[in-house]
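Asker: Contents of coords.cif (mmCIF, C-alpha atoms and all ligand atoms):
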```
data_work
#
loop_
_atom_site.label_atom_id
_atom_site.label_comp_id
_atom_site.auth_asym_id
_atom_site.auth_seq_id
_atom_site.Cartn_x
_atom_site.Cartn_y
_atom_site.Cartn_z
CA MET A 145 4.32 -39.92 -6.82
CA SER A 146 2.65 -38.28 -9.81
CA ALA A 147 3.06 -34.57 -10.47
CA ILE A 148 0.65 -31.95 -9.21
CA GLU A 149 -1.47 -31.17 -12.26
CA LEU A 150 -3.03 -28.03 -10.88
CA ALA A 151 -2.87 -25.85 -7.80
CA VAL A 152 -5.98 -23.95 -6.80
CA ILE A 153 -5.76 -20.92 -4.53
CA GLY A 154 -9.09 -20.27 -2.86
CA GLY A 155 -10.29 -16.77 -2.03
CA THR A 156 -12.97 -15.36 0.25
CA GLY A 157 -15.72 -17.93 0.68
CA LEU A 158 -13.67 -20.83 -0.72
CA TYR A 159 -11.67 -22.37 2.09
CA ARG A 160 -11.83 -26.04 1.05
CA LEU A 161 -12.17 -27.94 -2.19
CA ALA A 162 -14.87 -30.42 -1.24
CA ALA A 163 -14.24 -32.47 -4.38
CA LEU A 164 -10.64 -33.20 -3.40
CA GLN A 165 -10.32 -36.90 -2.53
CA ASP A 166 -8.03 -38.23 0.21
CA PRO A 167 -6.44 -34.86 0.82
CA GLU A 168 -3.18 -34.78 2.71
CA ALA A 169 -2.36 -31.57 4.60
CA LEU A 170 1.22 -30.51 3.92
CA GLU A 171 2.51 -27.98 6.41
CA GLY A 172 5.77 -26.24 5.67
CA ASP A 173 7.81 -23.10 5.83
CA THR A 174 9.60 -21.26 3.04
CA PRO A 175 12.58 -18.88 2.81
CA TYR A 176 9.92 -16.14 2.67
CA GLY A 177 8.05 -17.16 5.80
CA ARG A 178 4.93 -19.20 6.39
CA PRO A 179 2.24 -19.74 3.78
CA SER A 180 -1.37 -18.94 4.68
CA GLY A 181 -1.95 -22.52 5.83
CA PRO A 182 -1.39 -26.12 4.85
CA VAL A 183 -1.41 -27.09 1.21
CA ARG A 184 -3.98 -29.86 0.80
CA VAL A 185 -2.97 -32.30 -1.90
CA GLY A 186 -5.46 -34.89 -3.09
CA ARG A 187 -7.04 -36.33 -6.20
CA LEU A 188 -9.62 -34.75 -8.43
CA ALA A 189 -10.75 -36.34 -11.67
CA GLY A 190 -7.95 -38.87 -11.11
CA ARG A 191 -5.24 -36.18 -11.04
CA ARG A 192 -3.17 -34.77 -8.23
CA VAL A 193 -4.45 -31.36 -7.26
CA ALA A 194 -3.25 -28.96 -4.57
CA PHE A 195 -5.42 -26.47 -2.72
CA LEU A 196 -4.39 -23.53 -0.58
CA ALA A 197 -6.76 -21.10 1.16
CA ARG A 198 -5.27 -17.66 0.50
CA HIS A 199 -6.69 -16.06 3.63
CA GLY A 200 -6.10 -19.12 5.81
CA GLU A 201 -8.67 -21.82 6.36
CA GLY A 202 -10.42 -19.73 9.02
CA HIS A 203 -10.14 -16.55 6.94
CA SER A 204 -7.85 -14.85 9.44
CA LEU A 205 -5.57 -13.01 6.99
CA PRO A 206 -6.67 -9.74 5.39
CA PRO A 207 -5.54 -9.14 1.79
CA HIS A 208 -2.61 -6.88 2.73
CA ARG A 209 -1.30 -9.43 5.24
CA VAL A 210 -1.30 -12.49 2.99
CA ASN A 211 2.22 -13.79 2.45
CA TYR A 212 1.87 -14.06 -1.31
CA ARG A 213 5.54 -14.91 -1.76
CA ALA A 214 5.42 -17.82 0.68
CA ASN A 215 2.19 -19.17 -0.82
CA LEU A 216 3.46 -19.35 -4.39
CA TRP A 217 6.92 -20.51 -3.37
CA ARG A 218 5.39 -23.37 -1.39
CA LEU A 219 3.16 -24.44 -4.28
CA LYS A 220 6.10 -24.44 -6.65
CA GLU A 221 8.29 -26.31 -4.17
CA LEU A 222 5.64 -29.03 -3.96
CA GLY A 223 5.81 -29.42 -7.73
CA ALA A 224 2.95 -27.28 -9.02
CA THR A 225 3.47 -25.63 -12.39
CA ARG A 226 -0.06 -24.36 -13.05
CA VAL A 227 -2.08 -22.21 -10.69
CA LEU A 228 -5.75 -21.37 -10.94
CA ALA A 229 -6.32 -18.47 -8.58
CA VAL A 230 -9.89 -18.00 -7.44
CA ASN A 231 -10.53 -14.38 -6.47
CA THR A 232 -13.70 -12.90 -5.06
CA VAL A 233 -14.37 -9.53 -6.67
CA GLY A 234 -16.82 -6.70 -7.12
CA GLY A 235 -18.26 -6.04 -10.57
CA ILE A 236 -17.89 -2.62 -12.20
CA THR A 237 -19.09 -2.94 -15.78
CA GLU A 238 -22.25 -4.40 -17.26
CA ARG A 239 -21.11 -7.93 -18.07
CA PHE A 240 -19.83 -8.53 -14.54
CA GLY A 241 -22.85 -8.62 -12.24
CA PRO A 242 -23.10 -10.61 -9.00
CA LYS A 243 -22.69 -14.41 -9.30
CA VAL A 244 -20.83 -14.15 -12.61
CA LEU A 245 -17.70 -16.23 -13.10
CA ALA A 246 -15.09 -14.39 -15.15
CA LEU A 247 -11.67 -15.08 -16.57
CA PRO A 248 -9.97 -11.67 -16.81
CA ASP A 249 -7.19 -11.10 -19.31
CA GLN A 250 -5.75 -7.85 -17.95
CA LEU A 251 -5.08 -6.15 -14.67
CA ILE A 252 -4.18 -2.81 -13.14
CA ASP A 253 -2.38 -2.77 -9.81
CA TYR A 254 -3.49 -0.11 -7.30
CA THR A 255 -2.02 -1.85 -4.27
CA TRP A 256 0.79 -0.28 -2.27
CA GLY A 257 3.26 -1.30 0.39
CA ARG A 258 3.07 -5.01 -0.38
CA THR A 259 6.18 -7.05 -0.97
CA SER A 260 5.70 -7.52 -4.66
CA SER A 261 8.82 -9.29 -5.91
CA TYR A 262 11.20 -12.13 -5.08
CA TRP A 263 13.94 -9.84 -6.39
CA ASP A 264 14.02 -7.48 -3.48
CA GLY A 265 17.63 -6.44 -3.65
CA GLU A 266 18.60 -9.22 -1.27
CA GLY A 267 20.44 -11.45 -3.69
CA GLY A 268 21.95 -8.84 -5.98
CA ASP A 269 19.99 -9.67 -9.12
CA VAL A 270 17.09 -7.63 -10.39
CA LEU A 271 14.62 -9.24 -12.69
CA HIS A 272 12.13 -7.43 -14.90
CA VAL A 273 9.72 -10.13 -16.01
CA ASP A 274 7.49 -9.60 -19.01
CA PHE A 275 3.98 -8.97 -17.72
CA GLY A 276 2.18 -7.58 -20.77
CA ASP A 277 -0.29 -10.45 -20.52
CA PRO A 278 -0.49 -11.00 -16.78
CA TYR A 279 -2.46 -14.23 -17.05
CA THR A 280 -0.94 -17.15 -18.96
CA PRO A 281 -2.73 -17.23 -22.32
CA ALA A 282 -2.40 -21.02 -22.76
CA LEU A 283 -3.91 -21.71 -19.33
CA ARG A 284 -6.70 -19.22 -20.01
CA ARG A 285 -7.51 -21.06 -23.24
CA GLU A 286 -7.65 -24.35 -21.37
CA VAL A 287 -10.00 -22.92 -18.75
CA LEU A 288 -12.25 -21.49 -21.46
CA ALA A 289 -12.33 -24.85 -23.25
CA ALA A 290 -13.14 -26.59 -19.96
CA ALA A 291 -15.98 -24.11 -19.34
CA ALA A 292 -17.41 -24.80 -22.79
CA ALA A 293 -17.07 -28.57 -22.34
CA SER A 294 -18.73 -28.55 -18.91
CA GLY A 295 -21.45 -26.00 -19.71
CA THR A 296 -20.04 -23.59 -17.13
CA PRO A 297 -21.07 -19.98 -17.80
CA LEU A 298 -17.82 -18.02 -17.86
CA VAL A 299 -17.25 -14.46 -19.08
CA ASP A 300 -14.11 -14.34 -21.21
CA GLY A 301 -11.86 -11.33 -20.58
CA GLY A 302 -12.02 -8.18 -18.53
CA CYS A 303 -9.62 -6.06 -16.59
CA TYR A 304 -9.06 -6.78 -12.89
CA GLY A 305 -8.21 -3.78 -10.73
CA ALA A 306 -6.34 -4.78 -7.58
CA THR A 307 -6.99 -2.46 -4.63
CA GLN A 308 -5.30 -2.36 -1.25
CA GLY A 309 -8.27 -2.98 1.05
CA PRO A 310 -9.25 -4.21 3.48
CA ARG A 311 -11.93 -1.53 3.30
CA LEU A 312 -14.12 -1.46 0.23
CA GLU A 313 -13.71 1.37 -2.26
CA THR A 314 -15.41 4.73 -2.40
CA LYS A 315 -17.77 5.47 -5.28
CA ALA A 316 -15.23 7.95 -6.63
CA GLU A 317 -12.49 5.34 -6.57
CA ILE A 318 -14.68 2.92 -8.50
CA ALA A 319 -15.64 5.67 -10.98
CA ARG A 320 -11.95 6.30 -11.54
CA MET A 321 -11.28 2.60 -12.00
CA ARG A 322 -14.09 2.43 -14.55
CA ARG A 323 -12.48 5.32 -16.45
CA ASP A 324 -9.18 3.47 -16.27
CA GLY A 325 -10.78 0.48 -17.96
CA CYS A 326 -11.33 -1.85 -15.01
CA ASP A 327 -14.25 -4.28 -15.14
CA LEU A 328 -13.61 -6.00 -11.82
CA VAL A 329 -12.22 -4.93 -8.48
CA GLY A 330 -10.59 -7.16 -5.89
CA MET A 331 -7.95 -6.98 -3.19
CA THR A 332 -5.86 -10.08 -3.79
CA GLY A 333 -5.00 -10.18 -7.49
CA MET A 334 -1.66 -8.50 -6.89
CA PRO A 335 1.13 -9.10 -6.15
CA GLU A 336 0.10 -12.73 -6.59
CA ALA A 337 -0.04 -12.71 -10.39
CA GLY A 338 3.30 -10.91 -10.70
CA LEU A 339 5.01 -13.26 -8.27
CA ALA A 340 3.68 -16.27 -10.17
CA ARG A 341 5.25 -14.86 -13.32
CA GLU A 342 8.56 -14.36 -11.53
CA LEU A 343 8.52 -18.02 -10.52
CA GLY A 344 7.65 -19.12 -14.04
CA LEU A 345 4.31 -20.58 -12.96
CA ASP A 346 1.38 -20.69 -15.36
CA TYR A 347 -1.30 -18.61 -13.69
CA ALA A 348 -4.89 -17.65 -14.44
CA CYS A 349 -7.48 -15.84 -12.35
CA LEU A 350 -10.99 -17.19 -12.00
CA ALA A 351 -12.92 -14.23 -10.63
CA ILE A 352 -16.17 -14.76 -8.75
CA VAL A 353 -18.29 -11.63 -8.72
CA ALA A 354 -19.79 -11.25 -5.27
CA ASN A 355 -21.40 -7.80 -5.52
CA TRP A 356 -21.70 -4.66 -7.59
CA ALA A 357 -18.79 -2.41 -6.67
CA ALA A 358 -19.52 0.84 -4.83
CA GLY A 359 -21.91 3.09 -6.73
CA CYS A 360 -22.50 0.59 -9.56
CA SER A 361 -25.97 -0.34 -8.40
CA GLY A 362 -27.44 2.70 -6.74
CA ASP A 363 -26.80 3.23 -3.07
CA GLU A 364 -26.99 -0.31 -1.81
CA GLU A 365 -24.64 -1.17 1.01
CA ILE A 366 -22.31 -4.10 0.36
CA THR A 367 -22.64 -6.70 3.10
CA LEU A 368 -20.48 -9.72 3.89
CA ALA A 369 -23.62 -11.89 3.91
CA GLU A 370 -24.37 -10.87 0.31
CA VAL A 371 -20.77 -11.48 -0.73
CA LEU A 372 -20.67 -14.97 0.79
CA ALA A 373 -24.11 -15.97 -0.54
CA ASN A 374 -23.19 -14.98 -4.11
CA VAL A 375 -19.80 -16.69 -3.90
CA GLU A 376 -21.55 -19.86 -2.79
CA VAL A 377 -23.92 -19.78 -5.76
CA ALA A 378 -21.15 -19.13 -8.28
CA SER A 379 -18.78 -21.67 -6.67
CA ALA A 380 -21.28 -24.44 -7.34
CA HIS A 381 -19.88 -24.47 -10.90
CA LEU A 382 -16.34 -25.13 -9.76
CA PRO A 383 -16.34 -28.94 -9.48
CA ALA A 384 -17.58 -29.43 -13.05
CA LEU A 385 -15.18 -26.81 -14.37
CA LEU A 386 -12.21 -28.36 -12.57
CA GLU A 387 -13.14 -31.87 -13.71
CA ALA A 388 -13.23 -30.71 -17.31
CA LEU A 389 -9.96 -28.82 -16.89
CA LEU A 390 -8.23 -31.90 -15.52
CA GLY A 391 -9.92 -34.47 -17.73
N1 LIG A 401 -14.19 -4.41 -3.87
C1 LIG A 401 -13.01 -5.00 -3.61
N2 LIG A 401 -12.89 -6.28 -3.36
C2 LIG A 401 -14.01 -7.03 -3.34
C3 LIG A 401 -15.26 -6.49 -3.57
C4 LIG A 401 -15.37 -5.10 -3.86
O1 LIG A 401 -16.46 -4.54 -4.08
N3 LIG A 401 -16.16 -7.50 -3.47
C5 LIG A 401 -15.45 -8.62 -3.17
N4 LIG A 401 -14.15 -8.34 -3.10
#
```
Before we go any further, please render this structure as structure tokens.
Answerer:
Amino acid sequence: MSAIELAVIGGTGLYRLAALQDPEALEGDTPYGRPSGPVRVGRLAGRRVAFLARHGEGHSLPPHRVNYRANLWRLKELGATRVLAVNTVGGITERFGPKVLALPDQLIDYTWGRTSSYWDGEGGDVLHVDFGDPYTPALRREVLAAAAASGTPLVDGGCYGATQGPRLETKAEIARMRRDGCDLVGMTGMPEAGLARELGLDYACLAIVANWAAGCSGDEEITLAEVLANVEVASAHLPALLEALLG
């Protein structure tokens, strides 16, 4: 069987990869517990591609309950070496309005209480992985080239701030994140990116901006309907982007 060329982790609003041909659902456990659901492995642009819905296929897992360790372990065990993580986010700064697709190059972790390492004192070893560039530069370059080749509008760069959720942020929290240098805010970017680095997986985050973060566009309330509608619009670019990335 040929290798898995790419694993895609889908976020809120992306529970299936419709373009995946002849997908096979692979259920399985890991030493870290159960992943969010089956890994669906099929063909896209003639290559083997894996897809995993981060929140479960019925979106039953909130961000702080996702078993990030099991998800990445399972993808690696199945042979994936490159992961494109799709994350639904709120936009904070000007370039990152609703429906924008972005490829951040930095992150700040505001999450707490999540199991954030495979080196948890269980096996004796402690590992301090380099994380200066949290997203794999070579994979980012490939995604940018694929966006250019497929005519996909993609904002290059930006800092992703990972919050705990599941509630949305206060205006003051977003104002602080803006001062910190965050452009985007989401609830699932960490510990996923750090765990991918620990496993030696290439990893990049494709952020889909669903809404302006709290206080960034007046007093408008953020609704799930708005989030899902904007994710749907922005996700329409995914098939062409993935085809170019795999081609
Ligand atoms: N904040 C945090 N996570 C999000 C948001 C937000 O505004 N929108 C979508 N995911």
Asker: Return as JSON the centre and edge lengths, in Å with one decimal, of the box along x, y and z that encloses every atom of ligand LIG 401 (chain A) in the file, padded by 4 Å per side.
Answerer:
```
{"center_x": -14.7, "center_y": -6.5, "center_z": -3.6, "size_x": 11.6, "size_y": 12.2, "size_z": 9.0}
```
Asker: Between atom CA of Phe240 of chain A and atom CA of Leu288 of chain A, measure the distance and give it in Å to one decimal.
Answerer: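 Pair atom CA of Phe240 of chain A / atom CA of Leu288 of chain A returns 16.5 Å.
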Asker: Considering only C-alpha atoms, return as a ChimeraX atom specification whatever protein or nucleic-acid residues lie within 6 Å of segment 324-327 of chain A, sequence-local ones (same chain, fewer than 5 positions apart) excluded.
Answerer: /A:236-237,302-305
Asker: Generate a file of the selected residues that holds C-alpha atoms, formatted as an mmCIF file, in the coordinates of the input.
Answerer:
```cif
data_model
loop_
_atom_site.group_PDB
_atom_site.id
_atom_site.type_symbol
_atom_site.label_atom_id
_atom_site.label_comp_id
_atom_site.auth_asym_id
_atom_site.auth_seq_id
_atom_site.Cartn_x
_atom_site.Cartn_y
_atom_site.Cartn_z
ATOM 1 C CA ILE A 236 -17.890 -2.620 -12.200
ATOM 2 C CA THR A 237 -19.090 -2.940 -15.780
ATOM 3 C CA GLY A 302 -12.020 -8.180 -18.530
ATOM 4 C CA CYS A 303 -9.620 -6.060 -16.590
ATOM 5 C CA TYR A 304 -9.060 -6.780 -12.890
ATOM 6 C CA GLY A 305 -8.210 -3.780 -10.730
#
```
Asker: Nearest to ligand LIG 401 (chain A) among A:Glu313, A:Cys360, A:Pro335, A:Asp346, with distances taken over only C-alpha atoms and all ligand atoms: which residue is it?
Answerer: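 For ligand LIG 401 (chain A), the nearest of the candidates is A:Glu313.
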Asker: In the coordinate frame of the file, compute which residues have an atom within 9 Å of (-15.0, -4.7, -0.1) when using all atoms listed in the file, and state them as number ranges by chain.
Answerer: A: 233-234, 309-313, 329-331, 355, 357-358, 366-368, 371
Asker: Dump as a ChimeraX atom specification all residues having an atom at most 8 Å from (-13.0, -17.5, 6.0), computed in the file's coordinates with all atoms listed in the file.
Answerer: /A:156-159,199-204
Asker: Just how far from atom CA of Met334 of chain A is atom CA of Asp173 of chain A, in Å to one decimal?
Answerer: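 Interatomic distance here is 21.6 Å.
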Asker: Nearest to ligand LIG 401 (chain A) among A:Tyr176, A:Phe275, A:Tyr212, A:Tyr254, with distances taken over all atoms listed in the file: which residue is it?
Answerer: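 Looking only at the distances to ligand LIG 401 (chain A), the closest residue turns out to be A:Tyr254.
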Asker: Leaving out Ala282 of chain A and any residue of its chain fewer than 2 positions from it, which residues lie within 12 Å of it when counting all atoms listed in the file, given as a PyMOL selection string?
Answerer: chain A and resi 226+249+277-280+284-289+345-348
Asker: Using all atoms listed in the file, which protein or nucleic acid residues come within 9 Å of segment 180-185 of chain A? Drop anything in the same chain fewer than 3 positions from it, and give the result as a PyMOL selection string.
Answerer: chain A and resi 148+151+160-161+164-172+192-201+205+210-212+214-215+218-219+222
Asker: What is the atom CA of Ala246 of chain A-atom CA of Ala224 of chain A distance in Å, reported with one decimal?
Answerer: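 Straight-line distance from atom CA of Ala246 of chain A to atom CA of Ala224 of chain A works out to 23.0 Å.
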Asker: Show which residues sit within 9 Å of segment 382-390 of chain A, as JSON, numbers by chain. Count only C-alpha atoms, and ignore same-chain residues fewer than 6 positions away.
Answerer: {"A": [149, 150, 161, 162, 163, 188, 189, 190, 191, 286, 287, 288, 289, 290, 291, 292, 293, 294, 295, 296]}
Asker: For Arg341 of chain A, which residue among A:Asp274, A:Glu317, A:Asp300, A:Glu364 is the nearest when counting only C-alpha atoms?
Answerer: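 Checking each candidate against Arg341 of chain A, we get A:Asp274 as the closest.
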Asker: So which one's closest to ligand LIG 401 (chain A), A:Asn231, A:Thr225, A:Thr255, A:Thr174? Using all atoms listed in the file, please.
Answerer: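 Ranking A:Asn231, A:Thr225, A:Thr255, A:Thr174 by distance to ligand LIG 401 (chain A), first place goes to A:Asn231.
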